[in-house]
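Reproduced below: start30.pdb, with PDB, C-alpha atoms.
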```
ATOM      1  CA  MET A 103       0.000   0.000   0.000
ATOM      2  CA  LEU A 104       1.231   3.486  -0.823
ATOM      3  CA  GLU A 105       2.021   5.707   2.154
ATOM      4  CA  GLN A 106       0.327   9.119   2.384
ATOM      5  CA  LYS A 107       3.695  10.857   1.971
ATOM      6  CA  GLU A 108       4.368   8.875  -1.256
ATOM      7  CA  ILE A 109       0.980   9.885  -2.649
ATOM      8  CA  LEU A 110       1.552  13.518  -1.692
ATOM      9  CA  GLU A 111       4.967  13.429  -3.370
ATOM     10  CA  ILE A 112       3.394  12.068  -6.584
ATOM     11  CA  PHE A 113       0.767  14.844  -6.414
ATOM     12  CA  ARG A 114       3.419  17.515  -5.912
ATOM     13  CA  GLU A 115       5.599  16.151  -8.719
ATOM     14  CA  THR A 116       2.663  16.152 -11.153
ATOM     15  CA  LYS A 117       1.271  19.520  -9.964
ATOM     16  CA  VAL A 118      -2.071  18.143  -8.760
ATOM     17  CA  ILE A 119      -2.203  20.674  -5.914
ATOM     18  CA  ARG A 120      -2.820  24.239  -7.088
ATOM     19  CA  GLU A 121      -3.148  27.407  -5.014
ATOM     20  CA  GLY A 122      -4.993  30.601  -5.933
ATOM     21  CA  HIS A 123      -8.657  31.655  -6.025
ATOM     22  CA  PHE A 124     -10.900  29.009  -7.530
ATOM     23  CA  ARG A 125     -14.603  28.620  -8.296
ATOM     24  CA  LEU A 126     -15.379  24.930  -7.688
ATOM     25  CA  THR A 127     -17.929  22.802  -9.540
ATOM     26  CA  SER A 128     -20.188  23.059  -6.474
ATOM     27  CA  GLY A 129     -20.201  26.861  -6.855
ATOM     28  CA  ARG A 130     -18.195  27.324  -3.670
ATOM     29  CA  HIS A 131     -14.847  29.126  -3.653
ATOM     30  CA  SER A 132     -11.491  27.809  -2.426
ATOM     31  CA  ARG A 133      -7.850  28.797  -2.057
ATOM     32  CA  VAL A 134      -6.709  25.282  -3.082
ATOM     33  CA  VAL A 135      -7.782  22.963  -5.884
ATOM     34  CA  MET A 136      -6.722  19.378  -6.500
ATOM     35  CA  GLN A 137      -6.586  18.763 -10.256
ATOM     36  CA  CYS A 138      -6.170  14.980 -10.539
ATOM     37  CA  ALA A 139      -6.118  15.171 -14.337
ATOM     38  CA  GLN A 140      -2.526  16.309 -13.849
ATOM     39  CA  VAL A 141      -1.474  12.960 -12.364
ATOM     40  CA  LEU A 142      -3.704  10.918 -14.703
ATOM     41  CA  GLN A 143      -1.683  12.076 -17.726
ATOM     42  CA  TYR A 144       1.214   9.911 -16.467
ATOM     43  CA  PRO A 145       0.443   6.192 -16.924
ATOM     44  CA  LYS A 146       3.148   5.072 -14.484
ATOM     45  CA  PHE A 147       1.643   7.145 -11.653
ATOM     46  CA  THR A 148      -1.941   6.357 -12.646
ATOM     47  CA  GLU A 149      -1.193   2.653 -12.587
ATOM     48  CA  ARG A 150       0.430   2.847  -9.133
ATOM     49  CA  LEU A 151      -2.419   4.852  -7.632
ATOM     50  CA  CYS A 152      -5.177   2.742  -9.197
ATOM     51  CA  GLU A 153      -3.413  -0.480  -8.268
ATOM     52  CA  ASP A 154      -3.440   0.627  -4.644
ATOM     53  CA  LEU A 155      -7.104   1.636  -4.880
ATOM     54  CA  ALA A 156      -8.109  -1.641  -6.560
ATOM     55  CA  ARG A 157      -6.223  -3.665  -3.958
ATOM     56  CA  ARG A 158      -8.481  -2.193  -1.259
ATOM     57  CA  PHE A 159     -11.524  -3.814  -2.931
ATOM     58  CA  LYS A 160      -9.960  -7.141  -4.015
ATOM     59  CA  GLY A 161     -12.002  -9.304  -1.605
ATOM     60  CA  LEU A 162     -15.343  -8.158  -2.995
ATOM     61  CA  GLU A 163     -17.186 -10.006  -5.749
ATOM     62  CA  LEU A 164     -17.443  -7.189  -8.285
ATOM     63  CA  HIS A 165     -18.776  -7.200 -11.840
ATOM     64  CA  ALA A 166     -18.106  -3.614 -12.939
ATOM     65  CA  VAL A 167     -16.461  -0.327 -12.051
ATOM     66  CA  ILE A 168     -18.337   2.884 -12.851
ATOM     67  CA  ALA A 169     -17.419   6.571 -12.616
ATOM     68  CA  PRO A 170     -18.825   9.957 -13.543
ATOM     69  CA  ALA A 171     -17.437  11.516 -16.705
ATOM     70  CA  ILE A 172     -14.965  13.064 -17.131
ATOM     71  CA  GLY A 173     -12.714  12.970 -14.080
ATOM     72  CA  GLY A 174     -13.359   9.377 -13.109
ATOM     73  CA  ILE A 175     -13.156   7.711 -16.527
ATOM     74  CA  ILE A 176      -9.435   6.933 -16.451
ATOM     75  CA  VAL A 177      -9.648   5.835 -12.809
ATOM     76  CA  ALA A 178     -12.549   3.479 -13.627
ATOM     77  CA  TYR A 179     -10.731   2.004 -16.595
ATOM     78  CA  GLU A 180      -7.483   1.400 -14.743
ATOM     79  CA  VAL A 181      -9.149  -0.033 -11.596
ATOM     80  CA  ALA A 182     -11.355  -2.307 -13.743
ATOM     81  CA  LYS A 183      -8.311  -3.487 -15.712
ATOM     82  CA  ILE A 184      -6.530  -4.415 -12.490
ATOM     83  CA  LEU A 185      -9.624  -6.194 -11.115
ATOM     84  CA  GLY A 186     -10.304  -7.917 -14.449
ATOM     85  CA  ILE A 187     -13.849  -6.550 -14.840
ATOM     86  CA  ARG A 188     -15.676  -4.009 -17.058
ATOM     87  CA  ALA A 189     -15.405  -0.239 -16.803
ATOM     88  CA  LEU A 190     -18.345   2.089 -17.466
ATOM     89  CA  PHE A 191     -18.997   5.778 -17.014
ATOM     90  CA  THR A 192     -22.021   7.996 -16.618
ATOM     91  CA  GLU A 193     -22.680  11.312 -18.333
ATOM     92  CA  ARG A 194     -25.122  14.146 -17.806
ATOM     93  CA  GLU A 195     -28.076  14.362 -20.132
ATOM     94  CA  ASP A 196     -30.424  17.298 -19.581
ATOM     95  CA  GLY A 197     -28.734  17.874 -16.235
ATOM     96  CA  LYS A 198     -29.257  14.297 -15.000
ATOM     97  CA  MET A 199     -26.570  11.645 -14.628
ATOM     98  CA  THR A 200     -27.294   8.653 -16.867
ATOM     99  CA  LEU A 201     -25.783   5.694 -18.688
ATOM    100  CA  LYS A 202     -25.318   6.325 -22.404
ATOM    101  CA  ARG A 203     -23.311   4.808 -25.286
ATOM    102  CA  GLY A 204     -25.028   1.449 -24.899
ATOM    103  CA  PHE A 205     -23.697   0.854 -21.369
ATOM    104  CA  ILE A 206     -25.971  -1.324 -19.260
ATOM    105  CA  LEU A 207     -25.953  -2.675 -15.753
ATOM    106  CA  GLU A 208     -27.729  -5.931 -15.073
ATOM    107  CA  GLU A 209     -29.949  -6.441 -12.069
ATOM    108  CA  ASP A 210     -27.974  -7.608  -9.009
ATOM    109  CA  GLU A 211     -24.560  -6.862 -10.526
ATOM    110  CA  ASN A 212     -22.059  -5.742  -7.893
ATOM    111  CA  VAL A 213     -20.533  -2.394  -8.788
ATOM    112  CA  LEU A 214     -17.648  -0.295  -7.499
ATOM    113  CA  VAL A 215     -18.069   3.469  -7.957
ATOM    114  CA  VAL A 216     -14.830   5.443  -8.382
ATOM    115  CA  GLU A 217     -13.981   9.123  -8.695
ATOM    116  CA  ASP A 218     -10.842  11.213  -8.909
ATOM    117  CA  VAL A 219     -11.709  13.934  -6.347
ATOM    118  CA  ILE A 220     -14.641  14.589  -4.021
ATOM    119  CA  LYS A 221     -15.583  17.472  -1.745
ATOM    120  CA  THR A 222     -19.315  16.987  -1.260
ATOM    121  CA  GLY A 223     -19.569  13.648  -3.069
ATOM    122  CA  GLY A 224     -22.375  14.986  -5.266
ATOM    123  CA  SER A 225     -21.319  13.253  -8.484
ATOM    124  CA  VAL A 226     -20.682   9.971  -6.661
ATOM    125  CA  PHE A 227     -24.156  10.080  -5.109
ATOM    126  CA  GLU A 228     -25.633  10.666  -8.571
ATOM    127  CA  VAL A 229     -23.716   7.694 -10.006
ATOM    128  CA  MET A 230     -24.873   5.549  -7.080
ATOM    129  CA  ASP A 231     -28.469   6.507  -7.937
ATOM    130  CA  VAL A 232     -27.907   5.400 -11.560
ATOM    131  CA  VAL A 233     -26.517   2.060 -10.364
ATOM    132  CA  ARG A 234     -29.531   1.484  -8.110
ATOM    133  CA  GLU A 235     -32.010   2.598 -10.804
ATOM    134  CA  HIS A 236     -30.709  -0.310 -12.899
ATOM    135  CA  GLY A 237     -31.185  -2.762 -10.023
ATOM    136  CA  ALA A 238     -27.448  -3.207  -9.451
ATOM    137  CA  ASN A 239     -25.683  -3.036  -6.088
ATOM    138  CA  VAL A 240     -23.195  -0.395  -4.967
ATOM    139  CA  CYS A 241     -20.547  -2.421  -3.125
ATOM    140  CA  GLY A 242     -17.998   0.311  -2.543
ATOM    141  CA  VAL A 243     -16.697   3.756  -3.400
ATOM    142  CA  GLY A 244     -13.036   4.344  -4.282
ATOM    143  CA  ILE A 245     -11.583   7.833  -4.487
ATOM    144  CA  LEU A 246      -8.131   9.158  -5.288
ATOM    145  CA  VAL A 247      -8.584  12.354  -3.213
ATOM    146  CA  ASP A 248     -11.189  13.028  -0.525
ATOM    147  CA  ARG A 249     -11.170  16.798   0.057
ATOM    148  CA  SER A 250     -13.949  16.534   2.671
ATOM    149  CA  GLY A 251     -11.545  15.394   5.365
ATOM    150  CA  GLY A 252     -13.372  12.062   5.450
ATOM    151  CA  LYS A 253     -16.734  13.642   6.321
ATOM    152  CA  VAL A 254     -18.691  12.339   3.303
ATOM    153  CA  HIS A 255     -20.230   8.905   3.857
ATOM    154  CA  PHE A 256     -21.845   6.913   1.061
ATOM    155  CA  GLY A 257     -23.467   4.034   2.964
ATOM    156  CA  ALA A 258     -20.992   1.609   1.367
ATOM    157  CA  LYS A 259     -17.356   0.763   1.930
ATOM    158  CA  LYS A 260     -15.328   3.881   1.100
ATOM    159  CA  GLU A 261     -11.601   4.008   0.437
ATOM    160  CA  ALA A 262      -9.685   7.181  -0.370
ATOM    161  CA  LEU A 263      -5.995   7.160  -1.224
ATOM    162  CA  TYR A 264      -5.475  10.667   0.097
ATOM    163  CA  THR A 265      -7.708  12.515   2.543
ATOM    164  CA  THR A 266      -7.397  16.210   3.280
ATOM    165  CA  GLU A 267      -9.676  19.035   4.279
ATOM    166  CA  VAL A 268      -9.691  22.078   2.053
ATOM    167  CA  GLU A 269     -11.521  25.140   3.277
ATOM    168  CA  THR A 270     -14.264  26.389   0.945
ATOM    169  CA  TRP A 271     -16.751  29.243   1.136
ATOM    170  CA  GLU A 272     -20.049  30.274  -0.354
ATOM    171  CA  PRO A 273     -19.288  33.116  -2.803
ATOM    172  CA  GLU A 274     -20.826  35.767  -0.544
ATOM    173  CA  HIS A 275     -18.528  34.714   2.344
ATOM    174  CA  CYS A 276     -15.323  34.223   0.333
ATOM    175  CA  PRO A 277     -12.448  36.240   1.848
ATOM    176  CA  LEU A 278     -10.626  36.172  -1.489
ATOM    177  CA  CYS A 279     -13.586  37.857  -3.197
ATOM    178  CA  HIS A 280     -13.702  40.467  -0.424
ATOM    179  CA  GLU A 281      -9.993  41.131  -1.047
ATOM    180  CA  GLU A 282     -10.777  41.329  -4.793
ATOM    181  CA  VAL A 283      -8.313  38.540  -5.615
ATOM    182  CA  PRO A 284      -8.942  37.544  -9.249
ATOM    183  CA  PHE A 285      -9.983  33.993 -10.037
ATOM    184  CA  SER A 286      -7.214  31.597 -11.031
ATOM    185  CA  THR A 287      -7.592  29.324 -14.007
ATOM    186  CA  ARG A 288      -7.368  25.584 -13.498
ATOM    187  CA  ARG A 289      -5.079  25.210 -16.513
TER     188      ARG A 289
END
```
Starting from the coordinates I provided, produce the structure as structure tokens.
Amino acid sequence: MLEQKEILEIFRETKVIREGHFRLTSGRHSRVVMQCAQVLQYPKFTERLCEDLARRFKGLELHAVIAPAIGGIIVAYEVAKILGIRALFTEREDGKMTLKRGFILEEDENVLVVEDVIKTGGSVFEVMDVVREHGANVCGVGILVDRSGGKVHFGAKKEALYTTEVETWEPEHCPLCHEEVPFSTRR
């Protein structure tokens, strides 16, 4: 298993951790953003991280790994490859998370949901709803980075490679906005 300091070193080397003034997907603002796409562009690091994540779910009888597009697609693929099962992803259609592209889940299939980064877990909860709508079972949730400090619970086994708490604010309470600090780009 990778140690937290090894994971943090990989994240620093690949510039996953960014500082500035960011508007998050949730609409909240933050001084720090974790851009996991930065590490996922390096197959050697992606393989190491996903191998560690997959290992944490090895004892479960799983049929598929599923993730929300776009951030979780590579994670789902790599974890599924290691576990020897299929990889699927969900996409938004008219604002609702759904399976497209001919992907199907069979009733009573056991599914692992994965994601690159969570703060509120919103996308993971939506994917879990899709899994259940198809009559399949959510058997676990695997995450590369849990920015909630471990506070988000999914009602299933949860494993995060790296857990941290990043302070966020509603826009009207953002100290960076009050100081008129311009927004940073995620690029």
*Leaving out range 256-267 of chain A and any residue of its chain fewer than 5 positions from it, which residues lie within 6 Å of it when counting all atoms listed in the file, given as a ChimeraX atom specification?*
/A:242-251
*Can you work out which one of A:Val215, A:Val233, A:Ile175, A:Leu278 has the shortest atom-to-atom distance to Arg133 in chain A, counting only C-alpha atoms?*
A:Leu278
*Do a neighbour search on Leu104 in chain A at 8 Å with all atoms listed in the file, toss out local chain neighbours closer than 4 positions, and write the hits as number ranges by chain.*
A: 108-109, 151, 154
Quick one: write out the picked residues with C-alpha atoms as a PDB file, keeping the file's coordinate frame?
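In the end it all went to out_3.pdb:
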```
ATOM      1  CA  GLU A 108       4.368   8.875  -1.256  1.00  0.00           C
ATOM      2  CA  ILE A 109       0.980   9.885  -2.649  1.00  0.00           C
ATOM      3  CA  LEU A 151      -2.419   4.852  -7.632  1.00  0.00           C
ATOM      4  CA  ASP A 154      -3.440   0.627  -4.644  1.00  0.00           C
TER       5      ASP A 154
END
```
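Using only C-alpha atoms for every distance, the candidate list A:Cys241, A:Val229, A:Glu208, A:Leu185 yields A:Leu185 as the residue closest to Leu155 in chain A.
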*Interatomic distance, CA of Arg158 in chain A to CA of Asp218 in chain A (Å, one decimal)*: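 CA of Arg158 in chain A sits 15.6 Å away from CA of Asp218 in chain A.
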*asked:* Excluding range 141-149 of chain A and its own-chain neighbours fewer than 3 positions away, which residues fall within 12 Å of it when counting only C-alpha atoms? Please give them as JSON, numbers by chain.
replied: {"A": [104, 108, 109, 110, 111, 112, 113, 114, 115, 116, 117, 118, 119, 136, 137, 138, 152, 153, 154, 155, 156, 157, 172, 173, 174, 175, 176, 177, 178, 179, 180, 181, 182, 183, 184, 218, 219, 246, 247]}
*For Pro273 in chain A, work out the shell of residues within 8 Å, counting all atoms listed in the file and skipping chain neighbours fewer than 6 positions away, then give it as a ChimeraX atom specification.*
/A:129-131,279
*Report as a ChimeraX atom specification the residues that result from applying the PyMOL selection byres ((chain A and resi 132) around 8) to the structure here.*
/A:122-126,130-131,133-135,268-271,276
*Residue nearest Ile220 in chain A among A:Ile168, A:Leu162, A:Leu207, A:Val254 (counting all atoms listed in the file)*: A:Val254
*Between CA of Gly197 in chain A and CA of Ala238 in chain A, what is the spacing in Å?*
22.2 Å
Quick one: residues within 6 Å of Phe191 in chain A, all atoms listed in the file counted, chain neighbours fewer than 3 positions away excluded, as a PDB file with C-alpha atoms, in the frame of the given file?
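Contents of around-v3.pdb, freshly written:
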```pdb
ATOM      1  CA  ILE A 168     -18.337   2.884 -12.851  1.00  0.00           C
ATOM      2  CA  ALA A 169     -17.419   6.571 -12.616  1.00  0.00           C
ATOM      3  CA  PRO A 170     -18.825   9.957 -13.543  1.00  0.00           C
ATOM      4  CA  ALA A 171     -17.437  11.516 -16.705  1.00  0.00           C
TER       5      ALA A 171
END
```
Axis-aligned box for all listed atoms of range 206-220 of chain A, 4 Å per side, centre and edges in Å to one decimal, as lines of an AutoDock Vina configuration file:
```
center_x = -20.4
center_y = 3.5
center_z = -11.6
size_x = 27.1
size_y = 30.2
size_z = 23.2
```
Would you be able to write out as a PDB file with C-alpha atoms, keeping the file's coordinate frame which residues have an atom within 10 Å of (-25.1, -9.5, -11.8) in the file's coordinates, counting all atoms listed in the file?
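File written: part27.pdb
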```
ATOM      1  CA  GLU A 163     -17.186 -10.006  -5.749  1.00  0.00           C
ATOM      2  CA  LEU A 164     -17.443  -7.189  -8.285  1.00  0.00           C
ATOM      3  CA  HIS A 165     -18.776  -7.200 -11.840  1.00  0.00           C
ATOM      4  CA  ALA A 166     -18.106  -3.614 -12.939  1.00  0.00           C
ATOM      5  CA  LEU A 207     -25.953  -2.675 -15.753  1.00  0.00           C
ATOM      6  CA  GLU A 208     -27.729  -5.931 -15.073  1.00  0.00           C
ATOM      7  CA  GLU A 209     -29.949  -6.441 -12.069  1.00  0.00           C
ATOM      8  CA  ASP A 210     -27.974  -7.608  -9.009  1.00  0.00           C
ATOM      9  CA  GLU A 211     -24.560  -6.862 -10.526  1.00  0.00           C
ATOM     10  CA  ASN A 212     -22.059  -5.742  -7.893  1.00  0.00           C
ATOM     11  CA  VAL A 213     -20.533  -2.394  -8.788  1.00  0.00           C
ATOM     12  CA  GLY A 237     -31.185  -2.762 -10.023  1.00  0.00           C
ATOM     13  CA  ALA A 238     -27.448  -3.207  -9.451  1.00  0.00           C
ATOM     14  CA  ASN A 239     -25.683  -3.036  -6.088  1.00  0.00           C
TER      15      ASN A 239
END
```
*Would you work out the distance separating CA of Thr192 in chain A from CA of Glu235 in chain A, expressed in Å to one decimal?*
12.8 Å
